[in-house]
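What follows is one structure encoded as structure tokens, with my remarks underneath.
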Amino acid sequence: MAKPKTNYVCNECGAEASQWFGRCPSCGTYNSLEEQLLPQSASLPSRGLHSQRNGKSAAKIPQARASLTFAQITDNHQERWSSGYDELDRVLGGGIVPGSLVLIGGDPGIGKSTLLLQTANQLAQRYRILYVCGEESGQQVKLRASRLGVGNTNQDEEENGGASVEVEPAVSVEAPVKSIPGAAADLYVLAETDLEEIIRELEALRPNVAVIDSVQTIYLPSLTSAAGSVAQVRECTAALMKVAKGENITLLIVGHVTKEGAIAGPKVLEHLVDTVLYFEGDRFASHRLLRSVKNRFGATHEIGVFEMIDRGLREVSNPSELFLGNRDEVVPGTALVVACEGTRPIVVELQALVSPTSYSSPRRSTTGVDYNRLLQILAVLEKRVGIPLSKLDAYVASAGGLNVEEPAVDLGMAIAVVASFRDRIVDPSTVLIGEVGLGGQVRSVSQMELRLKEAAKLGFKKAIVPKGQKFPELGLEIIPVAKVIDAIIAAIPPQHHADEEMLEEDED
């Protein structure tokens, strides 16, 4: 009997090696290689690509066997399903595409299961939904649903018996019902981690949407590796994808993340699915951001904003008000910028603090903005504008904790630092948009008209923008600038407090 062949797979990046290493050659992680058995593949009969190998002449005209041209492919229009939440629909590109696979990752306790349970309840008003929970029992899911106000979980079991599809008794008993009195919801709960049982339930129930919470807890009995390993995650996702595409079932899959913030498991997991979403947020703040990093059916880098309350997650329709801060109470060192996340403009308040350092090396710190861009802007201000910042500590933060790392916030960051250095107040009715180059020039950015429309909608009066672009009439006073020094003069005009004090002294 031939000895079975094995190889070693990294449980962090999915790289494969023929022998064991203490450190992964691909990602550099220590003690991450795990042994797995290679399946014995049947040898295919050798078929020559050229007929000359068999001594026959190539007289036949080549023809396609199964491939089709674009003109031969039927163009069937698929209507997207509304998830019940406009923010989630925005991130998905306009709604849920039937038969698609959506992977949602995020830190523990950020609200992934809460979001999907609320979404499942909304979809259950119109479609048949299966919620597969591998981390909780059915009683725990029902308890969480009652806390979130999902459906009416206290109605009698007779109302659950009106479903048109027969399911296991344990599932139908635990299924929450609609919040509409007298109507039973098509929301079924299955507490299972065996992939074969899950697939059998999917084929029997044939739901429109299935939620898998989470893929790291599901295992395939034919594999010897533990649940959550690279081989298990890869094979389980591939099997679920095959069932979903064959039965036209939409899958919403929850994925764990590593300590670096990436989705755990092999990178092939993100390649298999159609959409990859990240649920982000600060555990000290109430807002949550749902960000799209891959979407085959829509734009990437779109965000949806939610707020965590005692009854679950609530949509934030106008996120600019959440990250804008208090415009009535202005302090030195603040500036307002318009950042774009995908196609959504958001007005964000940047705060800067410059103070003398107590150490030989000054301290630089950022919250919500790129640390390297702050160092670049400080160097530009000292070299091109002449502001001595090399002996001063500099702290820059975005209000609300939103991460704004695009170059369009460079100008606002520079103005906030200069305003803190001079202890001046920037006009709270002014927004700043532009990228700062190493030569001190202000460069243009994308989606400028969209940013200005958002500023005008929120009542801003002036906008300092890069020079060389034309904009429609939006009710804003446009101040074009070519250099950082021009933007500083426009945003922080000279104040004559000293002259007024000298006049008062002369009068005395």
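In the structure tokens, the first chain shown is A, the next is B, and so on; residue numbers restart at 1 for each chain, and ligands run from 1 in the order shown.
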
Tell me, as number ranges by chain, which residues lie within 10 Å of Ala285 of chain A, counting only C-alpha atoms; anything in the same chain fewer than 6 positions away does not count. A: 307-308, 400-401

Can you list every residue in segment 187-238 of chain A that DSSP puts in strand (DSSP E or B), as an MDAnalysis selection string? chainID A and resid 187:190 194 209:213 219

Residues as selected, C-alpha atoms, written as an mmCIF file, in the first residue's frame, can you do that?
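part-v8.cif, written as the output of this step:
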data_model
loop_
_atom_site.group_PDB
_atom_site.id
_atom_site.type_symbol
_atom_site.label_atom_id
_atom_site.label_comp_id
_atom_site.auth_asym_id
_atom_site.auth_seq_id
_atom_site.Cartn_x
_atom_site.Cartn_y
_atom_site.Cartn_z
ATOM 1 C CA LEU A 187 -36.823 32.610 10.087
ATOM 2 C CA TYR A 188 -35.404 29.232 11.136
ATOM 3 C CA VAL A 189 -32.532 28.573 13.536
ATOM 4 C CA LEU A 190 -30.163 25.619 13.247
ATOM 5 C CA ASP A 194 -21.286 19.587 11.058
ATOM 6 C CA VAL A 209 -30.876 33.487 2.427
ATOM 7 C CA ALA A 210 -28.715 31.531 4.870
ATOM 8 C CA VAL A 211 -26.534 33.035 7.614
ATOM 9 C CA ILE A 212 -23.449 31.049 8.707
ATOM 10 C CA ASP A 213 -22.173 32.205 12.112
ATOM 11 C CA TYR A 219 -16.014 21.279 10.208
#

Point out the residue among A:Gln441, A:Asn248, A:Ser18, A:Thr74 with the least atom-to-atom distance to Val97 of chain A, counting only C-alpha atoms.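 When distances to Val97 of chain A are compared using only C-alpha atoms, the smallest one comes from A:Asn248.
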
Met241 of chain A surroundings by only C-alpha atoms, 9 Å radius, close-in-sequence under 5 positions cut, as number ranges by chain: A: 100-101, 236, 246, 251, 272-273

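For the set A:Val417, A:Glu454, A:Ser82, A:Leu130, the residue with the smallest atom-to-atom gap to Asn318 of chain A is A:Glu454, counting only C-alpha atoms.
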